[in-house]
>>> print(open('work-v7.cif').read())   # mmCIF, C-alpha atoms
data_query
#
loop_
_atom_site.group_PDB
_atom_site.id
_atom_site.type_symbol
_atom_site.label_atom_id
_atom_site.label_comp_id
_atom_site.auth_asym_id
_atom_site.auth_seq_id
_atom_site.Cartn_x
_atom_site.Cartn_y
_atom_site.Cartn_z
ATOM 1 C CA MET A 1 110.561 -128.623 -66.119
ATOM 2 C CA SER A 2 112.717 -130.574 -63.662
ATOM 3 C CA THR A 3 111.859 -131.149 -60.014
ATOM 4 C CA LYS A 4 114.835 -128.997 -58.987
ATOM 5 C CA SER A 5 113.568 -126.102 -61.109
ATOM 6 C CA LEU A 6 110.091 -126.423 -59.636
ATOM 7 C CA ASP A 7 111.571 -126.411 -56.122
ATOM 8 C CA ARG A 8 113.565 -123.256 -56.915
ATOM 9 C CA ILE A 9 110.490 -121.518 -58.318
ATOM 10 C CA GLU A 10 108.474 -122.425 -55.236
ATOM 11 C CA THR A 11 111.219 -121.095 -52.929
ATOM 12 C CA LEU A 12 111.568 -117.878 -54.917
ATOM 13 C CA THR A 13 107.799 -117.348 -54.955
ATOM 14 C CA ARG A 14 107.535 -117.808 -51.185
ATOM 15 C CA ASN A 15 110.365 -115.309 -50.653
ATOM 16 C CA LEU A 16 108.762 -112.707 -52.930
ATOM 17 C CA GLU A 17 105.410 -113.055 -51.184
ATOM 18 C CA VAL A 18 107.179 -111.624 -48.140
ATOM 19 C CA SER A 19 109.803 -109.269 -49.588
ATOM 20 C CA ASN A 20 107.939 -108.214 -52.801
ATOM 21 C CA VAL A 21 111.247 -107.712 -54.651
ATOM 22 C CA ILE A 22 114.670 -109.365 -54.693
ATOM 23 C CA ARG A 23 117.935 -108.668 -56.515
ATOM 24 C CA LEU A 24 119.013 -111.285 -59.038
ATOM 25 C CA LYS A 25 122.289 -111.836 -57.145
ATOM 26 C CA ASP A 26 120.466 -112.316 -53.848
ATOM 27 C CA ALA A 27 118.036 -114.750 -55.495
ATOM 28 C CA ALA A 28 120.988 -116.783 -56.807
ATOM 29 C CA ASP A 29 122.531 -116.853 -53.314
ATOM 30 C CA LEU A 30 119.181 -117.841 -51.791
ATOM 31 C CA LEU A 31 118.736 -120.728 -54.217
ATOM 32 C CA GLY A 32 122.383 -121.796 -54.323
ATOM 33 C CA VAL A 33 122.639 -121.549 -58.119
ATOM 34 C CA SER A 34 124.118 -119.181 -60.695
ATOM 35 C CA GLU A 35 122.454 -115.948 -61.755
ATOM 36 C CA MET A 36 122.031 -117.422 -65.241
ATOM 37 C CA THR A 37 120.078 -120.355 -63.791
ATOM 38 C CA VAL A 38 117.768 -117.962 -61.933
ATOM 39 C CA ARG A 39 117.201 -115.938 -65.105
ATOM 40 C CA ARG A 40 116.311 -119.131 -66.981
ATOM 41 C CA ASP A 41 113.836 -120.135 -64.271
ATOM 42 C CA VAL A 42 112.278 -116.661 -64.326
ATOM 43 C CA ALA A 43 112.097 -116.609 -68.137
ATOM 44 C CA ALA A 44 110.394 -120.006 -68.107
ATOM 45 C CA CYS A 45 107.743 -118.630 -65.744
ATOM 46 C CA GLU A 46 107.032 -115.230 -67.283
ATOM 47 C CA ASN A 47 103.407 -115.576 -66.184
ATOM 48 C CA ILE A 48 104.619 -115.619 -62.559
ATOM 49 C CA PHE A 49 107.678 -113.334 -62.409
ATOM 50 C CA THR A 50 108.779 -109.966 -63.771
ATOM 51 C CA TYR A 51 112.515 -109.306 -64.217
ATOM 52 C CA MET A 52 113.555 -105.657 -64.544
ATOM 53 C CA GLY A 53 116.823 -103.825 -63.970
ATOM 54 C CA GLY A 54 118.434 -106.658 -62.006
ATOM 55 C CA TYR A 55 115.380 -107.161 -59.770
ATOM 56 C CA ILE A 56 112.712 -109.867 -59.685
ATOM 57 C CA THR A 57 109.105 -109.323 -58.592
ATOM 58 C CA LEU A 58 105.892 -111.314 -58.765
ATOM 59 C CA LYS A 59 103.385 -110.391 -61.435
ATOM 60 C CA SER A 60 100.631 -110.839 -58.856
ATOM 61 C CA PRO A 61 102.313 -110.128 -55.487
ATOM 62 C CA ALA A 62 100.725 -110.585 -52.107
ATOM 63 C CA ALA A 63 98.293 -107.948 -50.875
ATOM 64 C CA GLY A 64 100.214 -104.966 -49.541
ATOM 65 C CA GLY A 65 103.115 -105.575 -51.926
ATOM 66 C CA LEU A 66 103.899 -104.240 -55.379
ATOM 67 C CA GLY A 67 100.584 -105.397 -56.846
ATOM 68 C CA TYR A 68 98.710 -103.408 -54.234
ATOM 69 C CA ILE A 69 100.765 -100.297 -54.902
ATOM 70 C CA MET A 70 100.235 -100.516 -58.643
ATOM 71 C CA ASP A 71 96.524 -101.316 -58.426
ATOM 72 C CA ARG A 72 95.271 -99.161 -55.583
ATOM 73 C CA GLU A 73 94.836 -96.015 -57.703
ATOM 74 C CA ARG A 74 94.662 -97.558 -61.161
ATOM 75 C CA GLY A 75 90.969 -96.782 -61.504
ATOM 76 C CA ALA A 76 91.113 -93.400 -59.772
ATOM 77 C CA HIS A 77 90.571 -90.505 -62.203
ATOM 78 C CA THR A 78 91.949 -92.605 -65.067
ATOM 79 C CA ASP A 79 90.507 -90.412 -67.817
ATOM 80 C CA LEU A 80 91.904 -87.254 -66.226
ATOM 81 C CA LYS A 81 95.376 -88.726 -65.836
ATOM 82 C CA ARG A 82 95.378 -89.965 -69.423
ATOM 83 C CA ALA A 83 94.244 -86.564 -70.703
ATOM 84 C CA ALA A 84 96.998 -84.735 -68.800
ATOM 85 C CA CYS A 85 99.618 -87.149 -70.130
ATOM 86 C CA GLN A 86 98.425 -86.871 -73.718
ATOM 87 C CA ILE A 87 98.934 -83.123 -73.467
ATOM 88 C CA ALA A 88 102.386 -83.591 -71.915
ATOM 89 C CA ALA A 89 103.430 -86.006 -74.674
ATOM 90 C CA ARG A 90 103.234 -83.150 -77.192
ATOM 91 C CA TYR A 91 106.391 -81.696 -75.668
ATOM 92 C CA ILE A 92 108.576 -84.730 -76.368
ATOM 93 C CA LYS A 93 110.846 -84.339 -79.389
ATOM 94 C CA ALA A 94 112.885 -86.837 -81.382
ATOM 95 C CA GLY A 95 116.367 -87.226 -79.902
ATOM 96 C CA ASP A 96 115.358 -86.009 -76.440
ATOM 97 C CA THR A 97 116.617 -87.374 -73.151
ATOM 98 C CA ILE A 98 113.662 -87.192 -70.787
ATOM 99 C CA PHE A 99 112.952 -88.051 -67.167
ATOM 100 C CA LEU A 100 109.734 -89.757 -66.115
ATOM 101 C CA ASP A 101 108.794 -89.517 -62.441
ATOM 102 C CA CYS A 102 107.090 -92.239 -60.404
ATOM 103 C CA GLY A 103 103.437 -92.383 -59.365
ATOM 104 C CA THR A 104 100.134 -93.494 -60.840
ATOM 105 C CA THR A 105 99.852 -90.741 -63.474
ATOM 106 C CA ILE A 106 103.187 -91.015 -65.296
ATOM 107 C CA PRO A 107 102.586 -94.571 -66.624
ATOM 108 C CA TYR A 108 99.996 -93.033 -68.953
ATOM 109 C CA LEU A 109 102.725 -90.760 -70.320
ATOM 110 C CA ALA A 110 105.083 -93.721 -70.717
ATOM 111 C CA ASN A 111 102.377 -95.423 -72.740
ATOM 112 C CA ALA A 112 101.948 -92.311 -74.905
ATOM 113 C CA LEU A 113 105.647 -92.008 -75.835
ATOM 114 C CA PRO A 114 106.327 -92.237 -79.562
ATOM 115 C CA GLU A 115 108.330 -95.241 -80.764
ATOM 116 C CA ASN A 116 111.527 -95.271 -82.815
ATOM 117 C CA ARG A 117 112.275 -91.574 -82.292
ATOM 118 C CA ASP A 118 115.770 -91.871 -80.773
ATOM 119 C CA ILE A 119 114.430 -90.984 -77.302
ATOM 120 C CA THR A 120 116.295 -91.827 -74.090
ATOM 121 C CA VAL A 121 114.158 -92.159 -70.965
ATOM 122 C CA VAL A 122 115.429 -91.992 -67.389
ATOM 123 C CA CYS A 123 113.092 -93.478 -64.766
ATOM 124 C CA TYR A 124 113.115 -95.078 -61.327
ATOM 125 C CA SER A 125 109.795 -96.878 -60.920
ATOM 126 C CA ILE A 126 108.965 -100.430 -61.970
ATOM 127 C CA ASN A 127 105.519 -99.679 -63.397
ATOM 128 C CA VAL A 128 106.977 -97.008 -65.698
ATOM 129 C CA ALA A 129 109.986 -99.116 -66.727
ATOM 130 C CA GLU A 130 107.819 -102.121 -67.575
ATOM 131 C CA ILE A 131 105.912 -100.043 -70.132
ATOM 132 C CA LEU A 132 109.002 -98.378 -71.598
ATOM 133 C CA CYS A 133 110.971 -101.588 -72.113
ATOM 134 C CA LYS A 134 108.237 -102.991 -74.340
ATOM 135 C CA LYS A 135 108.398 -100.014 -76.721
ATOM 136 C CA PRO A 136 110.723 -100.371 -79.700
ATOM 137 C CA GLY A 137 113.375 -97.780 -80.329
ATOM 138 C CA LEU A 138 113.566 -96.361 -76.780
ATOM 139 C CA ARG A 139 116.705 -96.295 -74.642
ATOM 140 C CA VAL A 140 115.794 -96.792 -70.994
ATOM 141 C CA ILE A 141 117.998 -95.821 -68.053
ATOM 142 C CA MET A 142 116.650 -97.310 -64.827
ATOM 143 C CA LEU A 143 118.020 -95.690 -61.671
ATOM 144 C CA GLY A 144 118.905 -98.154 -58.948
ATOM 145 C CA GLY A 145 118.900 -98.035 -55.170
ATOM 146 C CA MET A 146 116.745 -99.327 -52.366
ATOM 147 C CA TYR A 147 113.263 -100.489 -53.325
ATOM 148 C CA HIS A 148 110.331 -98.529 -51.847
ATOM 149 C CA ALA A 149 107.027 -100.353 -52.090
ATOM 150 C CA SER A 150 105.014 -97.206 -51.333
ATOM 151 C CA SER A 151 105.701 -95.938 -54.862
ATOM 152 C CA ALA A 152 107.119 -99.071 -56.541
ATOM 153 C CA SER A 153 110.357 -97.151 -57.059
ATOM 154 C CA PHE A 154 114.090 -97.324 -56.321
ATOM 155 C CA ALA A 155 116.058 -94.491 -54.729
ATOM 156 C CA ASP A 156 119.218 -93.726 -52.774
ATOM 157 C CA SER A 157 122.124 -91.263 -52.820
ATOM 158 C CA ASN A 158 123.675 -93.004 -55.828
ATOM 159 C CA SER A 159 120.485 -92.321 -57.781
ATOM 160 C CA VAL A 160 120.874 -88.615 -57.071
ATOM 161 C CA ASN A 161 124.509 -88.650 -58.194
ATOM 162 C CA ALA A 162 123.534 -90.438 -61.395
ATOM 163 C CA ILE A 163 120.919 -87.785 -62.176
ATOM 164 C CA LEU A 164 123.424 -84.983 -61.711
ATOM 165 C CA ASN A 165 125.610 -86.553 -64.410
ATOM 166 C CA LEU A 166 122.819 -86.807 -66.989
ATOM 167 C CA ASN A 167 121.839 -84.239 -69.609
ATOM 168 C CA ILE A 168 118.058 -84.270 -69.315
ATOM 169 C CA ASN A 169 116.232 -82.183 -71.910
ATOM 170 C CA THR A 170 112.795 -82.373 -70.307
ATOM 171 C CA ALA A 171 111.657 -83.725 -66.951
ATOM 172 C CA PHE A 172 108.052 -84.807 -66.541
ATOM 173 C CA MET A 173 107.284 -84.607 -62.839
ATOM 174 C CA SER A 174 104.340 -85.969 -60.871
ATOM 175 C CA ALA A 175 102.904 -84.795 -57.552
ATOM 176 C CA GLY A 176 100.373 -85.802 -54.961
ATOM 177 C CA GLY A 177 99.353 -82.217 -54.244
ATOM 178 C CA VAL A 178 99.543 -78.776 -55.845
ATOM 179 C CA ASN A 179 98.854 -75.715 -53.729
ATOM 180 C CA ILE A 180 99.225 -72.191 -55.085
ATOM 181 C CA SER A 181 100.822 -70.741 -51.946
ATOM 182 C CA ARG A 182 102.618 -73.760 -50.435
ATOM 183 C CA GLY A 183 103.899 -75.410 -53.597
ATOM 184 C CA VAL A 184 104.131 -78.956 -54.950
ATOM 185 C CA SER A 185 104.193 -81.951 -52.628
ATOM 186 C CA CYS A 186 104.320 -85.738 -52.501
ATOM 187 C CA SER A 187 103.704 -88.434 -49.893
ATOM 188 C CA ASN A 188 107.053 -90.237 -49.790
ATOM 189 C CA PRO A 189 110.275 -88.814 -48.277
ATOM 190 C CA HIS A 190 112.536 -90.959 -50.475
ATOM 191 C CA GLU A 191 111.202 -89.216 -53.614
ATOM 192 C CA VAL A 192 112.211 -85.712 -52.542
ATOM 193 C CA ASP A 193 115.956 -85.883 -53.232
ATOM 194 C CA ILE A 194 115.339 -87.505 -56.621
ATOM 195 C CA LYS A 195 112.776 -84.902 -57.645
ATOM 196 C CA GLN A 196 114.885 -81.968 -56.486
ATOM 197 C CA ALA A 197 118.002 -83.279 -58.252
ATOM 198 C CA VAL A 198 116.026 -83.576 -61.479
ATOM 199 C CA LEU A 199 114.625 -80.064 -61.092
ATOM 200 C CA ASP A 200 118.161 -78.742 -60.577
ATOM 201 C CA THR A 201 119.484 -80.562 -63.638
ATOM 202 C CA ALA A 202 116.831 -80.695 -66.369
ATOM 203 C CA ALA A 203 116.710 -77.962 -69.000
ATOM 204 C CA ASN A 204 112.898 -77.995 -69.054
ATOM 205 C CA LYS A 205 110.583 -78.976 -66.207
ATOM 206 C CA ILE A 206 106.954 -79.960 -66.792
ATOM 207 C CA LEU A 207 104.558 -80.824 -63.973
ATOM 208 C CA VAL A 208 102.003 -83.445 -65.051
ATOM 209 C CA VAL A 209 99.014 -83.666 -62.718
ATOM 210 C CA ASP A 210 95.297 -84.221 -63.083
ATOM 211 C CA SER A 211 92.899 -81.551 -61.837
ATOM 212 C CA THR A 212 92.068 -83.414 -58.603
ATOM 213 C CA LYS A 213 95.600 -82.709 -57.321
ATOM 214 C CA PHE A 214 95.034 -78.941 -57.043
ATOM 215 C CA ASN A 215 94.326 -77.499 -53.585
ATOM 216 C CA VAL A 216 95.815 -80.665 -52.061
ATOM 217 C CA ILE A 217 98.793 -80.669 -49.686
ATOM 218 C CA LYS A 218 100.830 -83.838 -49.099
ATOM 219 C CA PRO A 219 103.425 -84.271 -46.313
ATOM 220 C CA MET A 220 106.613 -83.701 -48.342
ATOM 221 C CA LEU A 221 107.087 -80.351 -50.100
ATOM 222 C CA PHE A 222 109.611 -80.673 -52.950
ATOM 223 C CA ALA A 223 109.164 -77.624 -55.205
ATOM 224 C CA LYS A 224 107.563 -74.236 -55.732
ATOM 225 C CA LEU A 225 105.323 -73.772 -58.748
ATOM 226 C CA GLY A 226 107.709 -71.200 -60.161
ATOM 227 C CA GLN A 227 110.348 -73.902 -60.664
ATOM 228 C CA PHE A 228 108.315 -75.424 -63.492
ATOM 229 C CA ASP A 229 108.184 -74.218 -67.066
ATOM 230 C CA MET A 230 104.592 -75.369 -67.438
ATOM 231 C CA ILE A 231 101.866 -77.515 -65.925
ATOM 232 C CA CYS A 232 100.033 -80.089 -68.046
ATOM 233 C CA THR A 233 96.647 -81.057 -66.671
ATOM 234 C CA ASP A 234 93.207 -82.081 -67.929
ATOM 235 C CA PRO A 235 90.333 -79.986 -69.352
ATOM 236 C CA GLN A 236 88.402 -80.187 -66.076
ATOM 237 C CA CYS A 237 90.950 -77.971 -64.336
ATOM 238 C CA ASP A 238 89.551 -74.756 -62.850
ATOM 239 C CA PRO A 239 90.301 -72.018 -65.431
ATOM 240 C CA ASP A 240 90.773 -69.473 -62.638
ATOM 241 C CA LEU A 241 94.011 -71.239 -61.681
ATOM 242 C CA ALA A 242 95.656 -70.244 -64.948
ATOM 243 C CA GLY A 243 96.685 -66.806 -63.708
ATOM 244 C CA LYS A 244 97.824 -67.967 -60.281
ATOM 245 C CA THR A 245 100.340 -70.740 -60.923
ATOM 246 C CA GLY A 246 103.260 -68.557 -61.995
ATOM 247 C CA CYS A 247 103.833 -70.672 -65.117
ATOM 248 C CA PRO A 248 101.684 -71.649 -68.129
ATOM 249 C CA LEU A 249 98.810 -74.031 -67.349
ATOM 250 C CA ILE A 250 98.075 -76.253 -70.339
ATOM 251 C CA CYS A 251 94.780 -78.107 -70.148
ATOM 252 C CA GLU A 252 93.583 -78.608 -73.740
#
>>> encode(input="work-v7.cif", output="structure tokens")
Amino acid sequence: MSTKSLDRIETLTRNLEVSNVIRLKDAADLLGVSEMTVRRDVAACENIFTYMGGYITLKSPAAGGLGYIMDRERGAHTDLKRAACQIAARYIKAGDTIFLDCGTTIPYLANALPENRDITVVCYSINVAEILCKKPGLRVIMLGGMYHASSASFADSNSVNAILNLNINTAFMSAGGVNISRGVSCSNPHEVDIKQAVLDTAANKILVVDSTKFNVIKPMLFAKLGQFDMICTDPQCDPDLAGKTGCPLICE
């Protein structure tokens, strides 16, 4: 690798340690080279960078950046999240167009998706997209917009407009809290418009949450339980909740 390439990689790495993510075009402007040159540099250093949907990130970003967001809950209730997602995966059919929400649960569903089944997946978070793009036979639509490190996702008004023009068969939604009387909530304001647009558009809506999310209330309310066709959770869910959610509760 030439000295110029090494200098560009060092500059790009320093920038990403601060910003966590950068558009390919902005990286080219920063380095004073073409977008193709940046892509070649990134491809030559796949152990350092991740390129996804026109954006570049570090595989091991600085603390507080994307790596922190993706790792902070990775070990939290892993078995429960995986169990809920394995149940949810039963409701994916060949030829479907599905939506996968952001969060730390949905990547387990992305991993469980069947390959080569003519499935189109709409998503807006990096950690979900990274899994999907490695699966053969999937079409992936990555929504764009401003990057939000709090959920490793992209969102803006254009994302909402894009959703409204899609024919989504089934939406698999995540949540930070599920409360019988108050409804379904999340922590991040930028997720609300995306989630509500999907709920307005999708033919079928499935909430995918592990049992620790029940009786929890997060700051941003985005739906009532009655807006979902079913809830997929894990076998440790309190069986008494089954008659209170207003929609089927699937836990085994």
>>> atom_distance(input="work-v7.cif", atom1="atom CA of Glu10 of chain A", atom2="atom CA of Met146 of chain A")
24.7 Å
>>> closest_residue(input="work-v7.cif", among="A:Ile194, A:Leu24, A:Ala89, A:Val33", to="Cys102 of chain A", atoms="all atoms listed in the file")
A:Ile194
>>> resolve_selection(input="work-v7.cif", expression="the PyMOL selection byres ((chain A and resi 138) around 8)", output="PyMOL selection string")
chain A and resi 115-121+132-133+135-137+139-140
>>> closest_residue(input="work-v7.cif", among="A:Lys59, A:Arg14, A:Lys81, A:Lys244", to="Pro107 of chain A", atoms="all atoms listed in the file")
A:Lys81
>>> resolve_selection(input="work-v7.cif", expression="the PyMOL selection byres ((chain A and resi 91) around 12)", output="MDAnalysis selection string")
chainID A and resid 85:90 92:94 96:98 109 112:114 169:172 204:208 229:232 250
>>> residues_around(input="work-v7.cif", residues="Cys45 of chain A", least_positions_apart="4", cutoff="12 Å", atoms="only C-alpha atoms", output="JSON, numbers by chain")
{"A": [1, 5, 6, 8, 9, 10, 12, 13, 38, 39, 40, 41, 49, 50, 51, 56, 57, 58, 59]}
>>> resolve_selection(input="work-v7.cif", expression="the PyMOL selection byres ((chain A and resi 195) around 9)", output="PyMOL selection string")
chain A and resi 101+160+173+191-194+196-200+222-223
>>> atom_distance(input="work-v7.cif", atom1="atom CA of Glu252 of chain A", atom2="atom CA of Leu221 of chain A")
27.3 Å
>>> decode(input="work-v7.cif", residues="segment 126-145 of chain A", atoms="N, CA, C and O atoms", output="short mmCIF file (atom, residue, chain, number, x, y, z; two decimals), in the first residue's frame")
data_model
loop_
_atom_site.label_atom_id
_atom_site.label_comp_id
_atom_site.auth_asym_id
_atom_site.auth_seq_id
_atom_site.Cartn_x
_atom_site.Cartn_y
_atom_site.Cartn_z
N ILE A 126 -27.73 0.06 11.10
CA ILE A 126 -26.51 -0.52 10.57
C ILE A 126 -26.34 -1.96 11.03
O ILE A 126 -25.98 -2.84 10.24
N ASN A 127 -26.58 -2.23 12.32
CA ASN A 127 -26.33 -3.58 12.83
C ASN A 127 -27.26 -4.61 12.20
O ASN A 127 -26.89 -5.78 12.04
N VAL A 128 -28.47 -4.21 11.82
CA VAL A 128 -29.38 -5.11 11.11
C VAL A 128 -28.93 -5.28 9.66
O VAL A 128 -28.84 -6.40 9.14
N ALA A 129 -28.61 -4.17 9.00
CA ALA A 129 -28.21 -4.21 7.59
C ALA A 129 -26.95 -5.04 7.38
O ALA A 129 -26.83 -5.76 6.38
N GLU A 130 -26.00 -4.93 8.30
CA GLU A 130 -24.76 -5.69 8.16
C GLU A 130 -25.03 -7.19 8.11
O GLU A 130 -24.39 -7.93 7.36
N ILE A 131 -25.97 -7.66 8.89
CA ILE A 131 -26.32 -9.09 8.91
C ILE A 131 -27.04 -9.46 7.61
O ILE A 131 -26.73 -10.48 6.98
N LEU A 132 -28.00 -8.65 7.22
CA LEU A 132 -28.82 -8.96 6.04
C LEU A 132 -27.98 -9.03 4.77
O LEU A 132 -28.20 -9.91 3.92
N CYS A 133 -27.05 -8.10 4.61
CA CYS A 133 -26.29 -8.02 3.36
C CYS A 133 -25.33 -9.19 3.17
O CYS A 133 -24.78 -9.37 2.08
N LYS A 134 -25.12 -9.97 4.20
CA LYS A 134 -24.27 -11.15 4.08
C LYS A 134 -25.07 -12.41 3.77
O LYS A 134 -24.50 -13.48 3.57
N LYS A 135 -26.40 -12.29 3.72
CA LYS A 135 -27.26 -13.45 3.45
C LYS A 135 -27.59 -13.52 1.97
O LYS A 135 -28.08 -12.55 1.40
N PRO A 136 -27.35 -14.65 1.35
CA PRO A 136 -27.65 -14.76 -0.08
C PRO A 136 -29.15 -14.79 -0.35
O PRO A 136 -29.93 -15.32 0.43
N GLY A 137 -29.51 -14.17 -1.48
CA GLY A 137 -30.89 -14.25 -1.92
C GLY A 137 -31.84 -13.29 -1.25
O GLY A 137 -33.06 -13.40 -1.43
N LEU A 138 -31.34 -12.31 -0.49
CA LEU A 138 -32.19 -11.29 0.13
C LEU A 138 -32.02 -9.97 -0.63
O LEU A 138 -30.90 -9.60 -1.00
N ARG A 139 -33.12 -9.25 -0.83
CA ARG A 139 -33.04 -7.87 -1.30
C ARG A 139 -33.16 -6.96 -0.09
O ARG A 139 -34.09 -7.10 0.70
N VAL A 140 -32.24 -6.04 0.04
CA VAL A 140 -32.19 -5.17 1.22
C VAL A 140 -32.40 -3.72 0.79
O VAL A 140 -31.69 -3.22 -0.08
N ILE A 141 -33.39 -3.08 1.40
CA ILE A 141 -33.63 -1.65 1.19
C ILE A 141 -33.26 -0.94 2.48
O ILE A 141 -33.89 -1.13 3.52
N MET A 142 -32.20 -0.14 2.42
CA MET A 142 -31.72 0.59 3.60
C MET A 142 -32.22 2.02 3.53
O MET A 142 -31.89 2.76 2.59
N LEU A 143 -33.05 2.42 4.48
CA LEU A 143 -33.54 3.79 4.53
C LEU A 143 -32.40 4.73 4.91
O LEU A 143 -31.56 4.38 5.73
N GLY A 144 -32.39 5.90 4.33
CA GLY A 144 -31.33 6.85 4.61
C GLY A 144 -31.74 7.88 5.65
O GLY A 144 -32.68 7.69 6.40
N GLY A 145 -31.02 8.99 5.66
CA GLY A 145 -31.31 10.06 6.61
C GLY A 145 -30.15 10.36 7.51
O GLY A 145 -29.02 9.91 7.29
#
